[in-house]
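Asker: Here you go, this is input.cif (mmCIF, C-alpha atoms and all ligand atoms).
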```
data_structure
#
loop_
_atom_site.label_atom_id
_atom_site.label_comp_id
_atom_site.auth_asym_id
_atom_site.auth_seq_id
_atom_site.Cartn_x
_atom_site.Cartn_y
_atom_site.Cartn_z
CA MET B 260 76.98 176.48 150.75
CA SER B 261 75.19 173.17 150.68
CA ALA B 262 77.40 170.92 152.71
CA ALA B 263 76.22 168.28 155.11
CA ALA B 264 78.78 169.43 157.63
CA VAL B 265 78.74 166.43 159.93
CA ILE B 266 77.44 162.91 159.41
CA ASP B 267 77.19 159.76 161.47
CA SER B 268 79.32 157.68 159.14
CA LEU B 269 78.06 154.20 160.06
CA GLU B 270 74.44 155.29 159.97
CA PHE B 271 75.06 157.11 156.69
CA ALA B 272 76.46 153.92 155.15
CA ARG B 273 73.82 151.61 156.60
CA ALA B 274 71.00 153.77 155.34
CA GLN B 275 72.76 154.18 152.01
CA GLN B 276 72.43 157.91 152.22
CA GLN B 277 73.92 160.32 149.74
CA SER B 278 75.08 163.86 149.93
CA HIS B 279 76.74 166.25 147.58
CA GLY B 280 77.80 169.83 147.53
CA SER B 281 80.45 172.33 146.82
CA LEU B 282 83.26 173.41 149.11
CA PRO B 283 85.07 176.66 148.42
CA VAL B 284 88.82 176.40 148.85
CA VAL B 285 88.79 179.26 151.36
CA GLY B 286 87.06 177.01 153.86
CA LEU B 287 89.80 174.35 153.71
CA PRO B 288 92.82 175.77 155.54
CA ARG B 289 95.18 172.79 155.22
CA LEU B 290 94.62 172.65 151.49
CA GLU B 291 94.75 176.40 151.11
CA ASP B 292 98.29 176.36 152.52
CA LEU B 293 99.48 174.41 149.48
CA LEU B 294 97.82 176.51 146.83
CA PHE B 295 98.94 179.38 144.68
CA ASP B 296 95.73 181.27 145.41
CA GLN B 297 92.35 180.72 147.01
CA ASP B 298 90.33 180.58 143.82
CA GLY B 299 88.22 177.58 143.08
CA SER B 300 86.08 175.06 144.82
CA LEU B 301 85.58 171.34 145.04
CA GLU B 302 82.45 169.52 144.00
CA TYR B 303 81.90 166.38 145.98
CA GLU B 304 79.56 163.46 146.22
CA ILE B 305 79.52 161.03 149.11
CA ARG B 306 77.49 157.82 149.16
CA GLY B 307 76.96 155.23 151.82
CA THR B 308 77.40 151.70 150.47
CA ARG B 309 78.44 148.21 151.49
CA ASP B 310 81.22 146.07 150.16
CA ALA B 311 80.94 142.45 148.98
CA ARG B 312 81.23 141.33 152.59
CA ASN B 313 78.46 143.65 153.66
CA ARG B 314 80.77 145.98 155.50
CA PRO B 315 79.78 149.67 155.58
CA GLN B 316 81.77 152.01 153.45
CA LEU B 317 81.73 155.49 152.00
CA ALA B 318 82.19 156.11 148.30
CA LEU B 319 83.62 159.52 147.43
CA ARG B 320 83.88 161.44 144.24
CA ILE B 321 85.56 164.81 144.18
CA SER B 322 86.31 167.12 141.30
CA GLY B 323 87.29 170.70 140.78
CA GLU B 324 90.08 172.94 139.69
CA LEU B 325 92.77 174.23 141.99
CA HIS B 326 95.72 176.52 141.44
CA LEU B 327 99.00 174.99 142.54
CA GLN B 328 102.43 176.54 142.27
CA CYS B 329 104.71 175.12 139.62
CA GLN B 330 107.89 173.97 141.34
CA ARG B 331 109.99 174.91 138.33
CA CYS B 332 108.93 178.45 137.48
CA LEU B 333 106.93 179.23 140.62
CA GLU B 334 104.01 180.46 138.58
CA ARG B 335 100.38 179.42 138.76
CA LEU B 336 99.55 175.92 137.62
CA GLN B 337 95.99 174.88 136.90
CA TYR B 338 95.30 171.49 138.35
CA GLU B 339 92.25 169.31 137.81
CA VAL B 340 91.18 167.36 140.85
CA GLU B 341 89.64 163.98 140.06
CA VAL B 342 89.35 161.74 143.06
CA GLU B 343 87.31 158.58 143.34
CA ASN B 344 87.82 156.49 146.39
CA THR B 345 85.99 154.10 148.64
CA LEU B 346 86.68 154.10 152.34
CA LEU B 347 85.88 151.15 154.51
CA LEU B 348 84.47 152.17 157.87
CA LEU B 349 86.10 150.51 160.81
CA PRO B 350 83.96 150.55 163.94
CA ARG B 351 85.78 152.28 166.75
CA GLY B 352 87.91 149.93 168.80
CA SER B 353 87.98 147.09 166.30
CA GLU B 354 91.00 145.90 164.38
CA PRO B 355 91.14 145.68 160.60
CA ASP B 356 90.96 141.99 159.78
CA ASP B 357 92.23 142.32 156.25
CA ASN B 358 95.73 141.60 155.19
CA LEU B 359 97.20 145.09 155.24
CA ASP B 360 99.83 144.15 152.70
CA ASP B 361 97.18 143.58 150.09
CA PRO B 362 97.49 146.38 147.53
CA GLU B 363 93.85 145.84 146.61
CA ALA B 364 92.71 146.42 150.17
CA PRO B 365 90.48 149.45 150.51
CA ASP B 366 91.47 152.51 152.49
CA ILE B 367 90.13 152.36 156.00
CA ILE B 368 88.94 155.13 158.25
CA GLU B 369 87.63 154.85 161.75
CA ALA B 370 83.88 155.16 161.90
CA SER B 371 82.68 158.27 163.63
CA SER B 372 79.28 159.44 164.71
CA GLU B 373 80.45 162.96 163.93
CA LEU B 374 82.41 162.71 160.74
CA ASN B 375 83.32 166.10 159.35
CA VAL B 376 82.59 165.81 155.66
CA ALA B 377 84.64 168.83 154.62
CA GLY B 378 87.63 167.49 156.56
CA LEU B 379 87.30 164.11 154.88
CA ILE B 380 87.10 165.66 151.42
CA GLU B 381 90.09 167.84 152.24
CA ASP B 382 92.09 164.79 153.38
CA GLU B 383 91.35 162.91 150.19
CA VAL B 384 92.33 165.82 147.99
CA LEU B 385 95.54 166.43 149.97
CA LEU B 386 96.51 162.79 149.46
CA SER B 387 95.88 163.04 145.74
CA LEU B 388 97.99 166.13 145.05
CA PRO B 389 101.35 165.72 143.32
CA LEU B 390 104.34 166.30 145.58
CA ALA B 391 106.13 168.50 143.08
CA PRO B 392 103.61 169.91 140.61
CA ARG B 393 105.09 171.29 137.39
CA HIS B 394 103.92 172.62 134.08
CA PRO B 395 104.42 170.14 131.26
CA GLU B 396 107.94 169.93 129.91
CA GLY B 397 108.75 173.12 127.99
CA ALA B 398 105.67 175.01 129.13
CA CYS B 399 107.38 177.11 131.78
CA GLU B 400 109.50 179.38 129.58
CA SER B 401 106.63 181.35 128.15
CA ARG B 402 105.51 182.25 131.63
CA ALA B 403 108.83 182.90 133.29
CA GLY B 404 110.66 184.87 130.61
CA ASN B 405 113.65 183.02 129.25
CA ARG B 406 114.65 181.05 132.27
CA ILE B 407 116.21 177.84 131.09
CA GLU B 408 114.60 174.46 131.35
CA GLY B 409 115.82 172.44 134.30
CA ALA B 410 116.28 175.76 135.95
CA ALA B 411 119.48 176.87 137.38
CA PRO B 412 118.72 178.83 140.51
CA PRO B 413 118.36 182.57 140.04
CA LYS B 414 121.67 184.31 139.55
CA ALA B 415 121.88 185.88 142.97
CA PHE B 416 121.64 182.46 144.55
CA ALA B 417 124.17 180.96 142.19
CA GLU B 418 126.64 183.66 143.17
CA LEU B 419 125.96 183.12 146.81
CA ALA B 420 126.48 179.38 146.43
CA ALA B 421 129.75 180.03 144.60
CA LEU B 422 130.95 182.20 147.44
CA LYS B 423 130.26 179.51 149.95
CA ARG B 424 132.00 176.81 147.97
CA PRO B 425 135.61 176.06 148.87
CA ARG B 426 137.92 177.52 146.22
CA ASN B 427 139.97 174.41 145.87
CA THR B 428 137.87 171.38 145.25
CA ARG B 429 140.59 168.90 144.35
ZN ZN Y 1 106.15 176.18 135.38
#
```
If you took the structure in this file and wrote it as structure tokens, what would it be?
Ligand SMILES: [Zn+2]

Answerer:
Amino acid sequence: MSAAAVIDSLEFARAQQQSHGSLPVVGLPRLEDLLFDQDGSLEYEIRGTRDARNRPQLALRISGELHLQCQRCLERLQYEVEVENTLLLLPRGSEPDDNLDDPEAPDIIEASSELNVAGLIEDEVLLSLPLAPRHPEGACESRAGNRIEGAAPPKAFAELAALKRPRNTR
């Protein structure tokens, strides 16, 4: 492992420091909860920079491959992580002065003298994941036998649902 575990975020940005490393999925419990298995790792790069107004920020780049669970066939789904984001550091106790409705406004995090890099990377990846990951249209059948596209629930459940339904629906 080669992770700078904790950084002073403002100092990191002011000094324009850089760090990069690799985080195995097994060390990221919140992310691990959403995955099909614990294979894989995330490569990350974090750079301290300043924006046009000279405010400190962190530029992140994260990539890797994770295994999600397809929400249609419930099988393994390979997913490429590609995250690039810049986070404006807000000194503790100060208010963001930007118009928060501005869609171009950067993401803001509170500056911390003990920023957990792995936690930050994990947050960014969690935010980037699809809510309902699925194989491309038509790609599920080959994995899940001949279950039909658009998937009716498995038969046992369909029968159960039928039992619960009132007989007369008029
Ligand atoms: Zn699928």

Asker: Could you please determine the separation between atom CA of Gly286 of chain B and atom CA of Arg306 of chain B in Å, to one decimal place?

Answerer: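 Answer for the atom CA of Gly286 of chain B to atom CA of Arg306 of chain B separation: 22.0 Å.
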
Asker: Given only C-alpha atoms and all ligand atoms, how would the per-residue table for chain B near ligand ZN 1 (chain Y) read, listing every residue at most 7 Å away with its closest atom pair and distance in Å to one decimal, sorted by chain and number, as a Markdown table?

Answerer:
```
| residue | atom | partner | partner_atom | distance |
| --- | --- | --- | --- | --- |
| B:Cys329 | CA | Y:ZN1 | ZN | 4.6 |
| B:Gln330 | CA | Y:ZN1 | ZN | 6.6 |
| B:Arg331 | CA | Y:ZN1 | ZN | 5.0 |
| B:Cys332 | CA | Y:ZN1 | ZN | 4.2 |
| B:Leu333 | CA | Y:ZN1 | ZN | 6.1 |
| B:Glu334 | CA | Y:ZN1 | ZN | 5.8 |
| B:Leu336 | CA | Y:ZN1 | ZN | 7.0 |
| B:Arg393 | CA | Y:ZN1 | ZN | 5.4 |
| B:His394 | CA | Y:ZN1 | ZN | 4.4 |
| B:Ala398 | CA | Y:ZN1 | ZN | 6.4 |
| B:Cys399 | CA | Y:ZN1 | ZN | 3.9 |
```

Asker: Would you save the residues from that selection as a PDB file, keeping the file's coordinate frame, using C-alpha atoms?

Answerer:
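Dumped everything to part.pdb:
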```pdb
ATOM      1  CA  CYS B 329     104.710 175.120 139.620  1.00  0.00           C
ATOM      2  CA  GLN B 330     107.890 173.970 141.340  1.00  0.00           C
ATOM      3  CA  ARG B 331     109.990 174.910 138.330  1.00  0.00           C
ATOM      4  CA  CYS B 332     108.930 178.450 137.480  1.00  0.00           C
ATOM      5  CA  LEU B 333     106.930 179.230 140.620  1.00  0.00           C
ATOM      6  CA  GLU B 334     104.010 180.460 138.580  1.00  0.00           C
ATOM      7  CA  LEU B 336      99.550 175.920 137.620  1.00  0.00           C
ATOM      8  CA  ARG B 393     105.090 171.290 137.390  1.00  0.00           C
ATOM      9  CA  HIS B 394     103.920 172.620 134.080  1.00  0.00           C
ATOM     10  CA  ALA B 398     105.670 175.010 129.130  1.00  0.00           C
ATOM     11  CA  CYS B 399     107.380 177.110 131.780  1.00  0.00           C
TER      12      CYS B 399
END
```

Asker: Pick out the closest residue to Asp298 of chain B from this set: B:Ala311, B:Leu327, B:Ala370, B:Leu317. Count all atoms listed in the file.

Answerer: B:Leu327

Asker: Rank nothing, just name the residue among B:Phe295, B:Gln275, B:Pro395, B:Leu348 nearest to Leu374 of chain B, using all atoms listed in the file.

Answerer: B:Leu348

Asker: Identify, on the basis of only C-alpha atoms, every residue whose closest approach to Asn375 of chain B does not exceed 12 Å; exclude the query and any residue fewer than 4 positions from it along the same chain; express the result as a PyMOL selection string.

Answerer: chain B and resi 262-268+287+370-371+379-382

Asker: Keeping only C-alpha atoms, take the residues you just selected and write them out as a short mmCIF file (atom, residue, chain, number, x, y, z; two decimals), keeping the file's coordinate frame.

Answerer:
```cif
data_model
loop_
_atom_site.label_atom_id
_atom_site.label_comp_id
_atom_site.auth_asym_id
_atom_site.auth_seq_id
_atom_site.Cartn_x
_atom_site.Cartn_y
_atom_site.Cartn_z
CA ALA B 262 77.40 170.92 152.71
CA ALA B 263 76.22 168.28 155.11
CA ALA B 264 78.78 169.43 157.63
CA VAL B 265 78.74 166.43 159.93
CA ILE B 266 77.44 162.91 159.41
CA ASP B 267 77.19 159.76 161.47
CA SER B 268 79.32 157.68 159.14
CA LEU B 287 89.80 174.35 153.71
CA ALA B 370 83.88 155.16 161.90
CA SER B 371 82.68 158.27 163.63
CA LEU B 379 87.30 164.11 154.88
CA ILE B 380 87.10 165.66 151.42
CA GLU B 381 90.09 167.84 152.24
CA ASP B 382 92.09 164.79 153.38
#
```

Asker: Nearest residue to Glu369 of chain B out of B:Leu269, B:Gly299, B:Thr345, B:Asp310, using only C-alpha atoms?

Answerer: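 Selected residue with least distance to Glu369 of chain B: B:Leu269.
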
Asker: What lies within 7 Å of His326 of chain B using only C-alpha atoms, ignoring chain neighbours under 6 positions off, as a short mmCIF file (atom, residue, chain, number, x, y, z; two decimals) with C-alpha atoms, keeping the file's coordinate frame?

Answerer:
```
data_model
loop_
_atom_site.label_atom_id
_atom_site.label_comp_id
_atom_site.auth_asym_id
_atom_site.auth_seq_id
_atom_site.Cartn_x
_atom_site.Cartn_y
_atom_site.Cartn_z
CA LEU B 294 97.82 176.51 146.83
CA PHE B 295 98.94 179.38 144.68
CA ASP B 296 95.73 181.27 145.41
CA ARG B 335 100.38 179.42 138.76
CA LEU B 336 99.55 175.92 137.62
CA GLN B 337 95.99 174.88 136.90
CA TYR B 338 95.30 171.49 138.35
#
```

Asker: Work out how far atom CA of Gln277 of chain B is from atom CA of Pro389 of chain B, in Å to one decimal.

Answerer: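 According to the coordinates, atom CA of Pro389 of chain B and atom CA of Gln277 of chain B are separated by 28.7 Å.
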
Asker: If I take atom CA of Ile368 of chain B and atom CA of Pro392 of chain B, how far is one from the other in Å, to one decimal?

Answerer: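 Value for the atom CA of Ile368 of chain B-atom CA of Pro392 of chain B distance: 27.3 Å.
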
Asker: Which one of B:Glu324, B:Glu270, B:Asp361, B:Glu304 sits closest to Val284 of chain B if you count only C-alpha atoms?

Answerer: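 Comparing B:Glu324, B:Glu270, B:Asp361, B:Glu304 against Val284 of chain B, the winner is B:Glu324.
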
Asker: Mind filling out segment 286-297 of chain B with all heavy atoms and sending it as a PDB file, in the coordinates of the input?

Answerer:
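selection-v1.pdb, freshly written:
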```
ATOM      1  N   GLY B 286      87.482 177.636 152.620  1.00  0.00           N
ATOM      2  CA  GLY B 286      87.060 177.010 153.860  1.00  0.00           C
ATOM      3  C   GLY B 286      87.909 175.806 154.252  1.00  0.00           C
ATOM      4  O   GLY B 286      87.602 175.118 155.218  1.00  0.00           O
ATOM      5  N   LEU B 287      88.978 175.538 153.482  1.00  0.00           N
ATOM      6  CA  LEU B 287      89.800 174.350 153.710  1.00  0.00           C
ATOM      7  C   LEU B 287      91.243 174.751 153.995  1.00  0.00           C
ATOM      8  O   LEU B 287      92.094 174.722 153.113  1.00  0.00           O
ATOM      9  CB  LEU B 287      89.730 173.431 152.484  1.00  0.00           C
ATOM     10  CG  LEU B 287      88.325 173.058 152.009  1.00  0.00           C
ATOM     11  CD1 LEU B 287      88.374 172.364 150.664  1.00  0.00           C
ATOM     12  CD2 LEU B 287      87.621 172.183 153.037  1.00  0.00           C
ATOM     13  N   PRO B 288      91.527 175.134 155.226  1.00  0.00           N
ATOM     14  CA  PRO B 288      92.820 175.770 155.540  1.00  0.00           C
ATOM     15  C   PRO B 288      94.050 174.928 155.233  1.00  0.00           C
ATOM     16  O   PRO B 288      95.061 175.460 154.787  1.00  0.00           O
ATOM     17  CB  PRO B 288      92.716 176.073 157.045  1.00  0.00           C
ATOM     18  CG  PRO B 288      91.584 175.249 157.554  1.00  0.00           C
ATOM     19  CD  PRO B 288      90.651 175.032 156.393  1.00  0.00           C
ATOM     20  N   ARG B 289      93.982 173.614 155.463  1.00  0.00           N
ATOM     21  CA  ARG B 289      95.180 172.790 155.220  1.00  0.00           C
ATOM     22  C   ARG B 289      95.496 172.728 153.738  1.00  0.00           C
ATOM     23  O   ARG B 289      96.647 172.719 153.316  1.00  0.00           O
ATOM     24  CB  ARG B 289      94.984 171.381 155.770  1.00  0.00           C
ATOM     25  CG  ARG B 289      95.007 171.323 157.297  1.00  0.00           C
ATOM     26  CD  ARG B 289      94.682 169.933 157.787  1.00  0.00           C
ATOM     27  NE  ARG B 289      93.348 169.525 157.393  1.00  0.00           N
ATOM     28  CZ  ARG B 289      92.979 168.279 157.139  1.00  0.00           C
ATOM     29  NH1 ARG B 289      93.840 167.311 157.227  1.00  0.00           N
ATOM     30  NH2 ARG B 289      91.732 168.011 156.796  1.00  0.00           N
ATOM     31  N   LEU B 290      94.440 172.676 152.934  1.00  0.00           N
ATOM     32  CA  LEU B 290      94.620 172.650 151.490  1.00  0.00           C
ATOM     33  C   LEU B 290      95.087 174.015 150.991  1.00  0.00           C
ATOM     34  O   LEU B 290      96.006 174.126 150.188  1.00  0.00           O
ATOM     35  CB  LEU B 290      93.286 172.258 150.834  1.00  0.00           C
ATOM     36  CG  LEU B 290      93.274 172.146 149.319  1.00  0.00           C
ATOM     37  CD1 LEU B 290      94.237 171.067 148.845  1.00  0.00           C
ATOM     38  CD2 LEU B 290      91.873 171.852 148.822  1.00  0.00           C
ATOM     39  N   GLU B 291      94.458 175.030 151.529  1.00  0.00           N
ATOM     40  CA  GLU B 291      94.750 176.400 151.110  1.00  0.00           C
ATOM     41  C   GLU B 291      96.249 176.703 151.257  1.00  0.00           C
ATOM     42  O   GLU B 291      96.830 177.404 150.434  1.00  0.00           O
ATOM     43  CB  GLU B 291      93.934 177.343 151.998  1.00  0.00           C
ATOM     44  CG  GLU B 291      93.640 178.677 151.374  1.00  0.00           C
ATOM     45  CD  GLU B 291      92.855 179.558 152.342  1.00  0.00           C
ATOM     46  OE1 GLU B 291      92.067 179.023 153.157  1.00  0.00           O
ATOM     47  OE2 GLU B 291      93.033 180.781 152.264  1.00  0.00           O
ATOM     48  N   ASP B 292      96.861 176.150 152.293  1.00  0.00           N
ATOM     49  CA  ASP B 292      98.290 176.360 152.520  1.00  0.00           C
ATOM     50  C   ASP B 292      99.154 175.920 151.351  1.00  0.00           C
ATOM     51  O   ASP B 292     100.261 176.404 151.178  1.00  0.00           O
ATOM     52  CB  ASP B 292      98.743 175.543 153.744  1.00  0.00           C
ATOM     53  CG  ASP B 292      98.487 176.303 155.032  1.00  0.00           C
ATOM     54  OD1 ASP B 292      98.050 177.465 154.955  1.00  0.00           O
ATOM     55  OD2 ASP B 292      98.722 175.731 156.106  1.00  0.00           O
ATOM     56  N   LEU B 293      98.669 174.972 150.559  1.00  0.00           N
ATOM     57  CA  LEU B 293      99.480 174.410 149.480  1.00  0.00           C
ATOM     58  C   LEU B 293      99.192 175.052 148.135  1.00  0.00           C
ATOM     59  O   LEU B 293      99.774 174.671 147.130  1.00  0.00           O
ATOM     60  CB  LEU B 293      99.195 172.905 149.358  1.00  0.00           C
ATOM     61  CG  LEU B 293      99.538 172.051 150.577  1.00  0.00           C
ATOM     62  CD1 LEU B 293      99.121 170.627 150.342  1.00  0.00           C
ATOM     63  CD2 LEU B 293     101.028 172.133 150.860  1.00  0.00           C
ATOM     64  N   LEU B 294      98.277 175.991 148.117  1.00  0.00           N
ATOM     65  CA  LEU B 294      97.820 176.510 146.830  1.00  0.00           C
ATOM     66  C   LEU B 294      98.448 177.840 146.471  1.00  0.00           C
ATOM     67  O   LEU B 294      98.903 178.587 147.336  1.00  0.00           O
ATOM     68  CB  LEU B 294      96.301 176.652 146.850  1.00  0.00           C
ATOM     69  CG  LEU B 294      95.515 175.366 147.120  1.00  0.00           C
ATOM     70  CD1 LEU B 294      94.026 175.658 147.103  1.00  0.00           C
ATOM     71  CD2 LEU B 294      95.872 174.289 146.127  1.00  0.00           C
ATOM     72  N   PHE B 295      98.426 178.119 145.190  1.00  0.00           N
ATOM     73  CA  PHE B 295      98.940 179.380 144.680  1.00  0.00           C
ATOM     74  C   PHE B 295      98.014 180.532 145.062  1.00  0.00           C
ATOM     75  O   PHE B 295      98.442 181.612 145.416  1.00  0.00           O
ATOM     76  CB  PHE B 295      99.077 179.287 143.155  1.00  0.00           C
ATOM     77  CG  PHE B 295      99.748 180.466 142.534  1.00  0.00           C
ATOM     78  CD1 PHE B 295     101.134 180.566 142.521  1.00  0.00           C
ATOM     79  CD2 PHE B 295      99.003 181.473 141.941  1.00  0.00           C
ATOM     80  CE1 PHE B 295     101.754 181.659 141.947  1.00  0.00           C
ATOM     81  CE2 PHE B 295      99.633 182.570 141.363  1.00  0.00           C
ATOM     82  CZ  PHE B 295     101.002 182.658 141.371  1.00  0.00           C
ATOM     83  N   ASP B 296      96.714 180.284 144.960  1.00  0.00           N
ATOM     84  CA  ASP B 296      95.730 181.270 145.410  1.00  0.00           C
ATOM     85  C   ASP B 296      94.475 180.557 145.899  1.00  0.00           C
ATOM     86  O   ASP B 296      94.402 179.343 145.855  1.00  0.00           O
ATOM     87  CB  ASP B 296      95.407 182.276 144.294  1.00  0.00           C
ATOM     88  CG  ASP B 296      94.847 181.600 143.054  1.00  0.00           C
ATOM     89  OD1 ASP B 296      94.156 180.575 143.181  1.00  0.00           O
ATOM     90  OD2 ASP B 296      95.108 182.090 141.944  1.00  0.00           O
ATOM     91  N   GLN B 297      93.534 181.322 146.387  1.00  0.00           N
ATOM     92  CA  GLN B 297      92.350 180.720 147.010  1.00  0.00           C
ATOM     93  C   GLN B 297      91.163 180.608 146.063  1.00  0.00           C
ATOM     94  O   GLN B 297      90.031 180.449 146.508  1.00  0.00           O
ATOM     95  CB  GLN B 297      91.930 181.519 148.249  1.00  0.00           C
ATOM     96  CG  GLN B 297      92.899 181.452 149.391  1.00  0.00           C
ATOM     97  CD  GLN B 297      93.934 182.552 149.286  1.00  0.00           C
ATOM     98  OE1 GLN B 297      93.687 183.583 148.674  1.00  0.00           O
ATOM     99  NE2 GLN B 297      95.108 182.328 149.839  1.00  0.00           N
TER     100      GLN B 297
END
```
